[in-house]
Amino acid sequence: MDCFQVPPEGDGGLPNDFYWWWKMKGVQRIAIVDPNDKTREPLRNLLLGVDAVWLEAECSRYEFFIDVARQSCPDAVVIALDSDHHKALQLIQQLTLEFPHMPILAVSARGDGQSILQALRAGAKEFLTAPVVLEELLLALQRLRANRGSAGGDTSNSFNGQTRAESLVVSIVGSKGGVGCTSLAVNTSVAMAQDPKNNVALVDLDLALGDADVALDLIPDYTLADVAMNVDRLDMQFLRRSLCKHESGLSLLPHPVQMEDISLIHEEHLGRVIGLLRASYSHLVFDLSKRFTATDLTAMRMSDVIILVAQLELTSLRNVVRLLHTMDKEEGLGEKVKVVMNRVGSEDSDITMEKAQETIEKPIYWQVPNDFKAMFGARNAGVPLMTHAPKSKVLQSLVGLANALCGKAPAVAPKKERRGFFSFR
Ligand SMILES: Nc1ncnc2c1ncn2[C@@H]1O[C@H](COP(=O)(O)OP(=O)(O)OP(=O)(O)O)[C@@H](O)[C@H]1O
Ligand SMILES: [Mg+2]
């Protein structure tokens with residue numbers, strides 16, 4: 001199924017045949033390193049075939065793997081030794097030194113006693129002879145899990161006593177065209193990027209008509225299509241280089257330039273790209289299309305928060321009701337949705353906020369004021385509001401939204417003001 005249509009009111013539900021992000025809780029997250037494509041591929045496929053395994057990161061360079069492990073905090077790592085035994089053993093030693101309880105599985109075609117001993121002495125907990133057989137792999141992973149459990153490590157969200165630095169993943173989706181998704185995605189992610197502790201990436205998942213690159217006046221060398229096509233060979237370094245850096249500190253992964261490349265991006269590619277991005281960035285913001293395609297759904301499933309952008313107008317509110325109804329049918333999805341009302345105070349609207357809330361039966365998480373001059377000017381200039389209109393109320397509101405999403409400010413919408421620019425009838 002290439003495209004998912006939102007069913008009419010009271011009908012249908014989300015398809016069941018995609019990967020459900022919530023199911024990942026409880027799976028063993030594995031990171032593998034093998035510079036040799038020919039051996040990495042079957043090993044990866046074997047791991048991907050195991051239900052209880054999530055391939056958290058895949059690396060083709062021993063030199064970069066320590067960085068991958070630091071950032072992705074996997075539950076176990078698999079290290080193929082044969083491309084360079086010396087480097088691989090050094091890596092095992094380094095990992096063991098930094099993470100003494102790291103469950104390491106070494107793999108080599110050299111199954112002689114000497115090789116096994118060397119790997120175990122360096123710090124590997126298990127050794128398998130390549131080509132790896134599924135039954136042996138399952139048993140080894142089971143032993144690693146059991147040992148890690150008994151070593152006192154938390155198998156869910158921490159590694160070796162360190163809490164895993166979870167990245168915050170936010171999807172921004174619209175209740176109709178032109179409702180303000182890209183404006184909100186660009187400006188909230190730029191606001192997040194102002195904190196030097198944050199490493200923020202904006203991914204343009206409006207694959208056909210996205211314009212986040214235009215909004216930031218960036219001409220990318222690579223797009224999501226390049227990353228998706230090379231997903232099997234991606235390492236952290238390549239991935240970081242593929243993103244385009246904006247002077248605000250934000251990194252952008254744009255939508256494909258060529259329309260025909262869109263079909264190259266499948267939900268399983270996107271799932272893996274997001275997995276890698278999560279290991280590399282502290283905050284991910286997705287600007288989704290309004291077609292509710294399989295890639296949009298994958299992104300939403302892998303998000304912590306889904307911002308549903310609406311306006312005080314009939315079509316938008318009706319679609320909010322339909323979308324909430326549909327998303328509520330999928331476990332774990334509906335509860336992530338936060339409705340953000342954009343262009344509040346616009347003269348065009350005669351629906352009150354109270355009426356809107358009553359209609360959608362959900363509190364409005366945030367209200368963004370209407371400010372055509374600032375927004376339109378920023379978009380035309382190809383700069384974020386922070387540059388174009390640093391004192392504007394709309395920017396203040398979006399900084400507030402970014403802070404609320406990051407847990408730095410109370411997650412409540414600003415109080416309704418008295419009559420005036422922000423007043424609602
Ligand atoms: N709070 C706001 N006040 C005034 N104008 C706004 C506001 N938010 C967005 N706009 C304007 O609305 C228009 C559409 O915004 P934007 O492109 O962000 O929406 P979108 O949902 O991404 O659209 P599309 O469906 O084309 O992807 C732009 O001209 C933008 O400047
Ligand atoms: Mg847009």
# chains A, B, ... in the order shown; residues from 1 in each chain; ligands from 1

$ closest_atom_pairs --of "chain A" --to "ligand 1" --cutoff "10 Å" --atoms "only C-alpha atoms and all ligand atoms" --output "JSON lines"
{"residue": "A:Ile172", "atom": "CA", "partner": "ligand 1", "partner_atom_place_in_ligand_line": "21 (O)", "distance": 9.1}
{"residue": "A:Val173", "atom": "CA", "partner": "ligand 1", "partner_atom_place_in_ligand_line": "21 (O)", "distance": 7.7}
{"residue": "A:Gly174", "atom": "CA", "partner": "ligand 1", "partner_atom_place_in_ligand_line": "21 (O)", "distance": 5.7}
{"residue": "A:Ser175", "atom": "CA", "partner": "ligand 1", "partner_atom_place_in_ligand_line": "21 (O)", "distance": 8.2}
{"residue": "A:Lys176", "atom": "CA", "partner": "ligand 1", "partner_atom_place_in_ligand_line": "25 (O)", "distance": 6.6}
{"residue": "A:Gly177", "atom": "CA", "partner": "ligand 1", "partner_atom_place_in_ligand_line": "25 (O)", "distance": 3.4}
{"residue": "A:Gly178", "atom": "CA", "partner": "ligand 1", "partner_atom_place_in_ligand_line": "23 (O)", "distance": 3.2}
{"residue": "A:Val179", "atom": "CA", "partner": "ligand 1", "partner_atom_place_in_ligand_line": "21 (O)", "distance": 4.0}
{"residue": "A:Gly180", "atom": "CA", "partner": "ligand 1", "partner_atom_place_in_ligand_line": "19 (O)", "distance": 3.2}
{"residue": "A:Cys181", "atom": "CA", "partner": "ligand 1", "partner_atom_place_in_ligand_line": "21 (O)", "distance": 3.8}
{"residue": "A:Thr182", "atom": "CA", "partner": "ligand 1", "partner_atom_place_in_ligand_line": "22 (O)", "distance": 3.7}
{"residue": "A:Ser183", "atom": "CA", "partner": "ligand 1", "partner_atom_place_in_ligand_line": "18 (O)", "distance": 3.6}
{"residue": "A:Leu184", "atom": "CA", "partner": "ligand 1", "partner_atom_place_in_ligand_line": "18 (O)", "distance": 6.3}
{"residue": "A:Ala185", "atom": "CA", "partner": "ligand 1", "partner_atom_place_in_ligand_line": "18 (O)", "distance": 7.8}
{"residue": "A:Val186", "atom": "CA", "partner": "ligand 1", "partner_atom_place_in_ligand_line": "18 (O)", "distance": 8.4}
{"residue": "A:Asn187", "atom": "CA", "partner": "ligand 1", "partner_atom_place_in_ligand_line": "18 (O)", "distance": 9.7}
{"residue": "A:Asp206", "atom": "CA", "partner": "ligand 1", "partner_atom_place_in_ligand_line": "27 (O)", "distance": 7.1}
{"residue": "A:Ala208", "atom": "CA", "partner": "ligand 1", "partner_atom_place_in_ligand_line": "27 (O)", "distance": 9.9}
{"residue": "A:Leu209", "atom": "CA", "partner": "ligand 1", "partner_atom_place_in_ligand_line": "27 (O)", "distance": 7.0}
{"residue": "A:Gly210", "atom": "CA", "partner": "ligand 1", "partner_atom_place_in_ligand_line": "27 (O)", "distance": 6.2}
{"residue": "A:Asp211", "atom": "CA", "partner": "ligand 1", "partner_atom_place_in_ligand_line": "27 (O)", "distance": 7.4}
{"residue": "A:Ala212", "atom": "CA", "partner": "ligand 1", "partner_atom_place_in_ligand_line": "22 (O)", "distance": 8.4}
{"residue": "A:Ala215", "atom": "CA", "partner": "ligand 1", "partner_atom_place_in_ligand_line": "17 (O)", "distance": 8.7}
{"residue": "A:Asp287", "atom": "CA", "partner": "ligand 1", "partner_atom_place_in_ligand_line": "22 (O)", "distance": 7.6}
{"residue": "A:Leu288", "atom": "CA", "partner": "ligand 1", "partner_atom_place_in_ligand_line": "27 (O)", "distance": 8.0}
{"residue": "A:Ser289", "atom": "CA", "partner": "ligand 1", "partner_atom_place_in_ligand_line": "27 (O)", "distance": 6.6}
{"residue": "A:Lys290", "atom": "CA", "partner": "ligand 1", "partner_atom_place_in_ligand_line": "25 (O)", "distance": 6.7}
{"residue": "A:Arg291", "atom": "CA", "partner": "ligand 1", "partner_atom_place_in_ligand_line": "25 (O)", "distance": 9.9}
{"residue": "A:Val309", "atom": "CA", "partner": "ligand 1", "partner_atom_place_in_ligand_line": "21 (O)", "distance": 7.8}
{"residue": "A:Ala310", "atom": "CA", "partner": "ligand 1", "partner_atom_place_in_ligand_line": "21 (O)", "distance": 9.2}
{"residue": "A:Gln311", "atom": "CA", "partner": "ligand 1", "partner_atom_place_in_ligand_line": "1 (N)", "distance": 9.6}
{"residue": "A:Met341", "atom": "CA", "partner": "ligand 1", "partner_atom_place_in_ligand_line": "1 (N)", "distance": 8.9}
{"residue": "A:Asn342", "atom": "CA", "partner": "ligand 1", "partner_atom_place_in_ligand_line": "1 (N)", "distance": 5.3}
{"residue": "A:Arg343", "atom": "CA", "partner": "ligand 1", "partner_atom_place_in_ligand_line": "1 (N)", "distance": 4.1}
{"residue": "A:Val344", "atom": "CA", "partner": "ligand 1", "partner_atom_place_in_ligand_line": "1 (N)", "distance": 7.2}
{"residue": "A:Gly345", "atom": "CA", "partner": "ligand 1", "partner_atom_place_in_ligand_line": "3 (N)", "distance": 9.1}
{"residue": "A:Ser346", "atom": "CA", "partner": "ligand 1", "partner_atom_place_in_ligand_line": "3 (N)", "distance": 7.9}
{"residue": "A:Gln367", "atom": "CA", "partner": "ligand 1", "partner_atom_place_in_ligand_line": "1 (N)", "distance": 9.1}
{"residue": "A:Val368", "atom": "CA", "partner": "ligand 1", "partner_atom_place_in_ligand_line": "1 (N)", "distance": 5.6}
{"residue": "A:Pro369", "atom": "CA", "partner": "ligand 1", "partner_atom_place_in_ligand_line": "1 (N)", "distance": 5.2}
{"residue": "A:Asn370", "atom": "CA", "partner": "ligand 1", "partner_atom_place_in_ligand_line": "3 (N)", "distance": 3.6}
{"residue": "A:Asp371", "atom": "CA", "partner": "ligand 1", "partner_atom_place_in_ligand_line": "3 (N)", "distance": 3.9}
{"residue": "A:Phe372", "atom": "CA", "partner": "ligand 1", "partner_atom_place_in_ligand_line": "4 (C)", "distance": 3.5}
{"residue": "A:Lys373", "atom": "CA", "partner": "ligand 1", "partner_atom_place_in_ligand_line": "4 (C)", "distance": 7.0}
{"residue": "A:Ala374", "atom": "CA", "partner": "ligand 1", "partner_atom_place_in_ligand_line": "4 (C)", "distance": 7.3}
{"residue": "A:Met375", "atom": "CA", "partner": "ligand 1", "partner_atom_place_in_ligand_line": "31 (O)", "distance": 4.3}
{"residue": "A:Phe376", "atom": "CA", "partner": "ligand 1", "partner_atom_place_in_ligand_line": "31 (O)", "distance": 3.9}
{"residue": "A:Gly377", "atom": "CA", "partner": "ligand 1", "partner_atom_place_in_ligand_line": "31 (O)", "distance": 7.5}
{"residue": "A:Ala378", "atom": "CA", "partner": "ligand 1", "partner_atom_place_in_ligand_line": "31 (O)", "distance": 7.5}
{"residue": "A:Arg379", "atom": "CA", "partner": "ligand 1", "partner_atom_place_in_ligand_line": "31 (O)", "distance": 6.0}
{"residue": "A:Asn380", "atom": "CA", "partner": "ligand 1", "partner_atom_place_in_ligand_line": "31 (O)", "distance": 8.3}
{"residue": "A:Lys393", "atom": "CA", "partner": "ligand 1", "partner_atom_place_in_ligand_line": "1 (N)", "distance": 9.6}
{"residue": "A:Val394", "atom": "CA", "partner": "ligand 1", "partner_atom_place_in_ligand_line": "1 (N)", "distance": 6.2}
{"residue": "A:Leu395", "atom": "CA", "partner": "ligand 1", "partner_atom_place_in_ligand_line": "1 (N)", "distance": 9.0}
{"residue": "A:Ser397", "atom": "CA", "partner": "ligand 1", "partner_atom_place_in_ligand_line": "1 (N)", "distance": 9.3}
{"residue": "A:Leu398", "atom": "CA", "partner": "ligand 1", "partner_atom_place_in_ligand_line": "1 (N)", "distance": 9.2}

$ residues_around --residues "Leu216 (chain A)" --least-positions-apart "2" --cutoff "8 Å" --atoms "only C-alpha atoms" --output "JSON, numbers by chain"
{"A": [186, 212, 213, 214, 218, 246, 382, 383, 384]}

$ residues_around --residues "Asp112 (chain A)" --least-positions-apart "4" --cutoff "12 Å" --atoms "only C-alpha atoms" --output "ChimeraX atom specification"
/A:108,116-119,127-130

$ residues_around --residues "Glu136 (chain A)" --least-positions-apart "4" --cutoff "12 Å" --atoms "only C-alpha atoms" --output "compact mmCIF listing (two decimals) with C-alpha atoms, in the first residue's frame"
# COMPACT_ATOMS: atom_id res chain seq x y z
CA LEU A 46 19.60 -12.22 9.74
CA LEU A 47 19.16 -9.69 12.54
CA LEU A 105 29.25 -10.43 20.21
CA VAL A 107 31.87 -12.69 14.61
CA GLU A 126 30.23 -14.16 22.91
CA PHE A 127 31.89 -15.42 19.74
CA LEU A 128 30.16 -16.82 16.65
CA THR A 129 31.76 -18.33 13.57
CA ALA A 130 30.75 -16.78 10.26
CA PRO A 131 28.59 -17.40 8.33
CA VAL A 132 26.34 -17.02 11.32
CA ALA A 140 24.00 -15.93 21.78
CA LEU A 141 21.68 -12.91 21.95
CA GLN A 142 19.66 -14.63 24.64
CA ARG A 143 22.79 -15.24 26.70

$ atom_distance --atom1 "CA of Met300 (chain A)" --atom2 "CA of Ser316 (chain A)"
19.3 Å

$ residues_around --residues "Asp226 (chain A)" --least-positions-apart "2" --cutoff "10 Å" --atoms "only C-alpha atoms" --output "number ranges by chain"
A: 221-224, 228-231, 239, 242, 255-256, 261, 264-265

$ residues_around --residues "Ser303 (chain A)" --least-positions-apart "4" --cutoff "10 Å" --atoms "only C-alpha atoms" --output "PyMOL selection string"
chain A and resi 21+167-172+274+284-286+297-299+307+333+336-337

$ residues_around --residues "Ser72 (chain A)" --least-positions-apart "4" --cutoff "8 Å" --atoms "only C-alpha atoms" --output "ChimeraX atom specification"
/A:56-57,68,164,278-280

$ closest_residue --among "A:Ala124, A:Gln28, A:Ala404, A:Leu139" --to "Val305 (chain A)" --atoms "only C-alpha atoms"
A:Ala404

$ closest_residue --among "A:Ala225, A:Ile351, A:Leu55, A:Ile360" --to "Asn319 (chain A)" --atoms "only C-alpha atoms"
A:Ile360

$ select_by_dssp --residues "region 155-378 of chain A" --states "alpha helix (DSSP H)" --output "PyMOL selection string"
chain A and resi 181-193+212-215+224-229+236-242+267-280+294-301+314-328+353-360+372-378

$ closest_residue --among "A:Arg240, A:Asp204, A:Asn147, A:Val227" --to "ligand 2" --atoms "only C-alpha atoms and all ligand atoms"
A:Asp204

$ atom_distance --atom1 "CA of Gly400 (chain A)" --atom2 "CA of Ser189 (chain A)"
11.7 Å

$ select_by_dssp --residues "region 293-339 of chain A" --states "strand (DSSP E or B)" --output "list in words"
Thr293, Val305, Ile306, Ile307, Leu308, Val309, Ala310, Val337, Lys338 and Val339 of chain A

$ write_last_selection --atoms "C-alpha atoms" --output "short mmCIF file (atom, residue, chain, number, x, y, z; two decimals), in the first residue's frame"
data_model
loop_
_atom_site.label_atom_id
_atom_site.label_comp_id
_atom_site.auth_asym_id
_atom_site.auth_seq_id
_atom_site.Cartn_x
_atom_site.Cartn_y
_atom_site.Cartn_z
CA THR A 293 1.20 8.24 3.10
CA VAL A 305 4.78 14.05 19.81
CA ILE A 306 2.51 14.66 16.83
CA ILE A 307 1.63 18.32 16.39
CA LEU A 308 -1.63 18.57 14.50
CA VAL A 309 -1.84 22.09 13.09
CA ALA A 310 -5.30 23.58 12.76
CA VAL A 337 -1.33 14.13 19.24
CA LYS A 338 -1.31 17.75 20.39
CA VAL A 339 -3.50 20.23 18.56
#

$ closest_residue --among "A:Lys408, A:His266, A:Arg70, A:Arg61" --to "Asp84 (chain A)" --atoms "only C-alpha atoms"
A:Arg61

$ closest_residue --among "A:Ala88, A:Ile104, A:Leu205, A:Ile79" --to "ligand 2" --atoms "only C-alpha atoms and all ligand atoms"
A:Leu205

$ atom_distance --atom1 "CA of Ala109 (chain A)" --atom2 "CA of Arg44 (chain A)"
16.1 Å
